[in-house]
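Q: Contents are mmCIF, C-alpha atoms; file name protein.cif:
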data_target
#
loop_
_atom_site.label_atom_id
_atom_site.label_comp_id
_atom_site.auth_asym_id
_atom_site.auth_seq_id
_atom_site.Cartn_x
_atom_site.Cartn_y
_atom_site.Cartn_z
CA GLN A 1 -21.92 102.23 143.16
CA LYS A 2 -20.09 105.44 142.34
CA GLU A 3 -21.67 108.61 143.67
CA VAL A 4 -21.66 110.28 140.26
CA GLU A 5 -21.51 108.19 137.12
CA GLN A 6 -20.76 109.20 133.58
CA ASN A 7 -19.99 107.26 130.43
CA SER A 8 -16.30 107.81 129.76
CA GLY A 9 -16.76 107.94 126.00
CA PRO A 10 -15.39 109.08 123.73
CA LEU A 11 -18.61 110.44 122.35
CA SER A 12 -18.06 111.40 118.76
CA VAL A 13 -20.47 113.71 116.92
CA PRO A 14 -20.18 115.56 113.60
CA GLU A 15 -19.87 119.32 113.56
CA GLY A 16 -23.28 120.99 113.77
CA ALA A 17 -24.95 118.04 115.50
CA ILE A 18 -26.39 117.88 119.00
CA ALA A 19 -24.16 116.28 121.62
CA SER A 20 -25.94 114.68 124.57
CA LEU A 21 -23.99 114.03 127.75
CA ASN A 22 -25.53 112.08 130.60
CA CYS A 23 -24.90 111.72 134.30
CA THR A 24 -26.55 109.82 137.16
CA TYR A 25 -26.02 110.32 140.86
CA SER A 26 -26.72 108.24 143.92
CA ASP A 27 -27.44 110.79 146.68
CA ARG A 28 -31.14 111.53 146.45
CA GLY A 29 -30.67 114.52 148.74
CA SER A 30 -28.37 116.34 146.31
CA GLN A 31 -29.52 119.84 145.55
CA SER A 32 -27.08 121.44 143.15
CA PHE A 33 -25.76 120.09 139.88
CA PHE A 34 -22.96 121.43 137.75
CA TRP A 35 -21.39 120.83 134.39
CA TYR A 36 -17.71 121.68 133.89
CA ARG A 37 -15.64 121.48 130.74
CA GLN A 38 -11.99 120.51 130.94
CA TYR A 39 -9.56 120.81 128.09
CA SER A 40 -6.50 118.59 128.16
CA GLY A 41 -3.90 119.95 130.56
CA LYS A 42 -6.20 122.67 131.87
CA SER A 43 -8.37 123.00 134.95
CA PRO A 44 -12.16 122.67 134.76
CA GLU A 45 -14.27 125.65 133.81
CA LEU A 46 -17.88 126.02 134.81
CA ILE A 47 -20.42 125.79 132.00
CA MET A 48 -23.74 125.62 133.80
CA PHE A 49 -25.43 124.85 137.05
CA ILE A 50 -28.98 123.74 137.69
CA TYR A 51 -30.99 123.42 140.87
CA SER A 52 -34.57 122.72 139.77
CA ASN A 53 -36.19 119.95 137.79
CA GLY A 54 -36.58 120.72 134.12
CA ASP A 55 -34.45 122.45 131.55
CA LYS A 56 -32.11 125.40 131.80
CA GLU A 57 -30.79 126.96 128.63
CA ASP A 58 -27.71 129.14 128.13
CA GLY A 59 -26.76 129.78 124.53
CA ARG A 60 -25.97 126.49 122.84
CA PHE A 61 -26.06 124.61 126.13
CA THR A 62 -29.10 123.11 127.83
CA ALA A 63 -28.91 121.36 131.19
CA GLN A 64 -31.71 118.97 132.09
CA LEU A 65 -32.43 117.71 135.59
CA ASN A 66 -34.73 114.93 136.72
CA LYS A 67 -34.42 114.47 140.47
CA ALA A 68 -36.89 111.57 140.57
CA SER A 69 -34.67 109.61 138.21
CA GLN A 70 -31.48 111.08 139.71
CA TYR A 71 -30.37 112.06 136.27
CA VAL A 72 -28.82 115.19 134.84
CA SER A 73 -27.80 115.81 131.26
CA LEU A 74 -26.12 118.43 129.11
CA LEU A 75 -27.10 119.07 125.52
CA ILE A 76 -24.79 120.99 123.23
CA ARG A 77 -26.47 122.25 120.08
CA ASP A 78 -24.59 123.07 116.89
CA SER A 79 -21.50 121.32 118.20
CA GLN A 80 -18.19 122.85 117.17
CA PRO A 81 -14.71 121.31 117.07
CA SER A 82 -13.79 123.72 119.88
CA ASP A 83 -16.31 121.91 122.07
CA SER A 84 -14.07 118.85 122.01
CA ALA A 85 -13.11 118.35 125.63
CA THR A 86 -13.92 116.27 128.68
CA TYR A 87 -17.19 117.21 130.34
CA LEU A 88 -17.45 116.69 134.07
CA CYS A 89 -20.73 116.33 135.88
CA ALA A 90 -20.59 117.42 139.53
CA VAL A 91 -23.11 117.08 142.31
CA PHE A 92 -23.02 119.21 145.42
CA GLY A 93 -23.19 117.77 148.90
CA ARG A 94 -20.46 118.33 151.48
CA ALA A 95 -18.23 119.15 148.54
CA LEU A 96 -18.59 118.89 144.82
CA THR A 97 -18.41 115.23 143.84
CA PHE A 98 -17.27 114.75 140.29
CA GLY A 99 -18.00 112.07 137.80
CA SER A 100 -15.07 110.67 135.87
CA GLY A 101 -16.02 112.74 132.84
CA THR A 102 -17.13 112.08 129.28
CA ARG A 103 -14.74 112.84 126.48
CA LEU A 104 -16.48 114.56 123.58
CA GLN A 105 -15.00 114.66 120.10
CA VAL A 106 -16.62 116.91 117.52
CA GLN A 107 -15.56 115.90 114.04
CA PRO A 108 -15.15 118.74 111.49
CA GLY B 1 -17.51 134.67 136.59
CA ALA B 2 -15.44 134.63 139.74
CA VAL B 3 -11.67 134.41 139.40
CA VAL B 4 -9.38 132.08 141.28
CA SER B 5 -5.63 132.28 140.81
CA GLN B 6 -2.94 129.75 141.59
CA HIS B 7 0.77 130.25 141.90
CA PRO B 8 3.02 128.87 140.61
CA SER B 9 1.52 127.43 137.45
CA ARG B 10 4.38 125.02 137.02
CA VAL B 11 7.13 123.85 139.34
CA ILE B 12 9.96 121.38 139.04
CA CYS B 13 11.77 120.35 142.19
CA LYS B 14 14.18 117.78 143.47
CA SER B 15 13.06 114.80 145.50
CA GLY B 16 13.00 115.58 149.20
CA THR B 17 12.25 119.28 148.89
CA SER B 18 9.03 121.04 149.85
CA VAL B 19 6.82 122.99 147.51
CA LYS B 20 4.19 125.57 148.41
CA ILE B 21 1.22 126.30 146.15
CA GLU B 22 -0.96 129.35 146.69
CA CYS B 23 -4.64 129.64 145.82
CA ARG B 24 -6.38 133.01 145.88
CA SER B 25 -9.93 134.08 145.25
CA LEU B 26 -9.54 137.44 143.56
CA ASP B 27 -12.98 138.99 143.56
CA PHE B 28 -14.95 137.11 146.17
CA GLN B 29 -14.60 135.73 149.65
CA ALA B 30 -14.22 132.00 150.03
CA THR B 31 -14.87 130.50 153.42
CA THR B 32 -14.16 127.11 151.94
CA MET B 33 -11.50 126.09 149.47
CA PHE B 34 -10.78 122.66 148.08
CA TRP B 35 -7.61 121.00 146.87
CA TYR B 36 -7.72 118.41 144.11
CA ARG B 37 -5.13 116.28 142.42
CA GLN B 38 -5.41 114.91 138.93
CA PHE B 39 -3.16 112.32 137.35
CA PRO B 40 -3.00 112.03 133.54
CA LYS B 41 -6.20 110.75 131.96
CA GLN B 42 -7.86 110.41 135.37
CA SER B 43 -10.60 112.36 137.04
CA LEU B 44 -10.20 114.96 139.75
CA MET B 45 -9.53 113.54 143.17
CA LEU B 46 -10.46 115.62 146.17
CA MET B 47 -7.56 115.75 148.62
CA ALA B 48 -8.84 118.05 151.32
CA THR B 49 -11.35 120.71 152.24
CA SER B 50 -9.92 123.87 153.71
CA ASN B 51 -12.00 126.11 155.95
CA GLU B 52 -10.84 129.59 156.85
CA GLY B 53 -9.50 129.74 160.37
CA SER B 54 -9.75 126.04 161.12
CA LYS B 55 -7.97 122.79 160.35
CA ALA B 56 -8.41 121.22 156.95
CA THR B 57 -10.44 118.05 156.49
CA TYR B 58 -8.50 115.43 154.58
CA GLU B 59 -9.97 112.69 152.42
CA GLN B 60 -9.23 109.09 153.23
CA GLY B 61 -5.77 108.06 152.12
CA VAL B 62 -4.36 111.59 151.97
CA GLU B 63 -1.52 112.14 154.43
CA LYS B 64 -2.12 115.34 156.35
CA ASP B 65 1.50 115.56 157.46
CA LYS B 66 2.67 115.41 153.89
CA PHE B 67 0.15 117.79 152.39
CA LEU B 68 -0.03 120.77 154.71
CA ILE B 69 -2.93 123.12 154.17
CA ASN B 70 -3.32 126.58 155.59
CA HIS B 71 -6.34 128.81 155.06
CA ALA B 72 -5.44 131.94 156.94
CA SER B 73 -7.80 134.37 155.24
CA LEU B 74 -11.01 134.42 153.25
CA THR B 75 -9.09 134.79 150.02
CA LEU B 76 -5.98 132.64 150.44
CA SER B 77 -5.28 128.97 150.97
CA THR B 78 -1.90 127.29 150.61
CA LEU B 79 -0.92 123.68 150.01
CA THR B 80 2.59 122.61 150.92
CA VAL B 81 3.83 119.30 149.61
CA THR B 82 6.52 118.30 152.08
CA SER B 83 9.44 116.04 151.21
CA ALA B 84 8.15 115.62 147.70
CA HIS B 85 8.81 112.42 145.82
CA PRO B 86 8.41 111.56 142.12
CA GLU B 87 5.07 109.86 142.81
CA ASP B 88 3.76 113.25 144.00
CA SER B 89 4.16 114.60 140.48
CA SER B 90 0.69 115.59 139.39
CA PHE B 91 -1.64 118.43 138.47
CA TYR B 92 -2.83 120.16 141.63
CA ILE B 93 -5.97 122.25 141.32
CA CYS B 94 -7.63 124.38 143.92
CA SER B 95 -11.19 125.60 143.90
CA ALA B 96 -13.00 128.14 146.00
CA ARG B 97 -16.62 128.27 146.97
CA ASP B 98 -18.28 131.63 147.24
CA THR B 99 -19.28 132.24 150.85
CA TYR B 100 -22.84 133.00 149.75
CA GLY B 101 -23.41 130.18 147.27
CA ASP B 102 -22.75 126.60 146.21
CA THR B 103 -20.74 127.23 143.08
CA GLN B 104 -17.08 126.31 143.07
CA TYR B 105 -14.64 128.09 140.83
CA PHE B 106 -11.39 126.49 139.88
CA GLY B 107 -7.92 127.91 139.74
CA PRO B 108 -5.82 127.24 136.64
CA GLY B 109 -3.87 124.47 138.35
CA THR B 110 -0.24 123.85 139.24
CA ARG B 111 1.73 121.19 137.48
CA LEU B 112 4.26 119.69 139.87
CA THR B 113 7.15 117.60 138.61
CA VAL B 114 9.42 115.99 141.18
CA LEU B 115 12.71 114.76 139.80
#
Please express the file's structure as structure tokens.

A:
Amino acid sequence: QKEVEQNSGPLSVPEGAIASLNCTYSDRGSQSFFWYRQYSGKSPELIMFIYSNGDKEDGRFTAQLNKASQYVSLLIRDSQPSDSATYLCAVFGRALTFGSGTRLQVQP
Amino acid sequence: GAVVSQHPSRVICKSGTSVKIECRSLDFQATTMFWYRQFPKQSLMLMATSNEGSKATYEQGVEKDKFLINHASLTLSTLTVTSAHPEDSSFYICSARDTYGDTQYFGPGTRLTVL
């Protein structure tokens, strides 16, 4: 079992819709969870981090964490074509362990 | 957010030569820096963890004598790819973790092409 799992996609949503990106992790002791966005040919940029169970909102982005289910998600409201990218879930232990990423396509 | 720089952003070299890549944290101190490699359409692969003032910890399958890492200060780590070969061509990305937190910030990456 991979330490951090994501559906590779592509996830295609129409402009203005809500995009839901999901991630599961295997290390029950993980404490910190991060979402990065990576455009093609560029390095990842941090979108959000979350430590506690529940929701954390930042603008159009909401991160959700459920430690009992070992599940973290990212919701993007009012999706824009500029949101089209690969979204990487990362879980912190000794180092950040990344999922393989989910490619999101927002259709104009 | 915190800024991490990498230099050079792009390098082309001949097979057999060595290439040095610098990673700097510009506005924070980073006790720990990480080096990743990413091949096209693949995820990030952690190569090594670099701790200031001590030897780097390499991931399984990464040759420490080929990928030399030095972390001489709290704001600078270097990766030297020695005797580079075409199969070493990749996107090398460093990240730095703030000494006082968990968050890692990425540099812009260095695209290495070995001819």

Q: Range 47-58 of chain B: which residues within 10 Å, counting all atoms listed in the file, same-chain residues fewer than 3 positions away excluded, as a ChimeraX atom specification?

A: /A:94-95 /B:30-38,44,61-64,67-79,92-96

Q: Pull out every residue that the PyMOL selection byres ((chain B) within 6 of (chain A)) matches in the shown coordinates and put them as a PyMOL selection string.

A: chain B and resi 43+108-109

Q: With all atoms listed in the file as the counted atoms, please give the residues lying no more than 10 Å from Ser89 in chain B, apart from itself and same-chain residues fewer than 2 positions off, as a list in words.

A: Val11, Ile12, Cys13, Arg37, Gln38, Phe39, Ala84, His85, Pro86, Glu87, Phe91, Tyr92, Arg111, Leu112, Thr113, Val114 and Leu115 of chain B

Q: As an mmCIF file with C-alpha atoms, keeping the file's coordinate frame, please: the residues near Asn66 in chain A (cut-off 7 Å, only C-alpha atoms, same-chain neighbours under 3 positions excluded).

A:
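Writing the result to out09.cif gives the following:
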data_model
loop_
_atom_site.group_PDB
_atom_site.id
_atom_site.type_symbol
_atom_site.label_atom_id
_atom_site.label_comp_id
_atom_site.auth_asym_id
_atom_site.auth_seq_id
_atom_site.Cartn_x
_atom_site.Cartn_y
_atom_site.Cartn_z
ATOM 1 C CA ASN A 53 -36.190 119.950 137.790
ATOM 2 C CA GLY A 54 -36.580 120.720 134.120
ATOM 3 C CA SER A 69 -34.670 109.610 138.210
ATOM 4 C CA GLN A 70 -31.480 111.080 139.710
ATOM 5 C CA TYR A 71 -30.370 112.060 136.270
ATOM 6 C CA VAL A 72 -28.820 115.190 134.840
#

Q: So what does the PyMOL selection byres ((chain A and resi 7-18) around 8) actually pick up in this one, as a PyMOL selection string?

A: chain A and resi 5-6+19-20+22-23+75-81+100-108

Q: Could you tell me how far CA of Val81 in chain B lies from CA of Val19 in chain B, in Å and to one decimal?

A: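 A separation of 5.2 Å between them.
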
Q: If I take CA of Leu65 in chain A and CA of Arg28 in chain A, how far is one from the other in Å, to one decimal?

A: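 So the two atoms, CA of Leu65 in chain A and CA of Arg28 in chain A, lie 12.6 Å apart.
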
Q: Using all atoms listed in the file for the distances, tell me which of B:Asp65, B:Glu59, B:Asp88, B:Asp27 is nearest to Ser15 in chain B.

A: B:Asp88

Q: Mind giving me the straight-line distance from CA of Trp35 in chain A to CA of Gln60 in chain B in Å, one decimal?

A: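 Taking CA of Trp35 in chain A as the start and CA of Gln60 in chain B as the end point, the length is 25.3 Å.
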
Q: Using the file's own x, y and z axes, what box holds all listed atoms of range 31-43 of chain A with 6 Å on each side, keeping edges along x, y and z, and what are its centre and edge lengths in Å to one decimal, as JSON?

A:
{"center_x": -16.7, "center_y": 120.8, "center_z": 136.8, "size_x": 37.6, "size_y": 16.4, "size_z": 29.5}
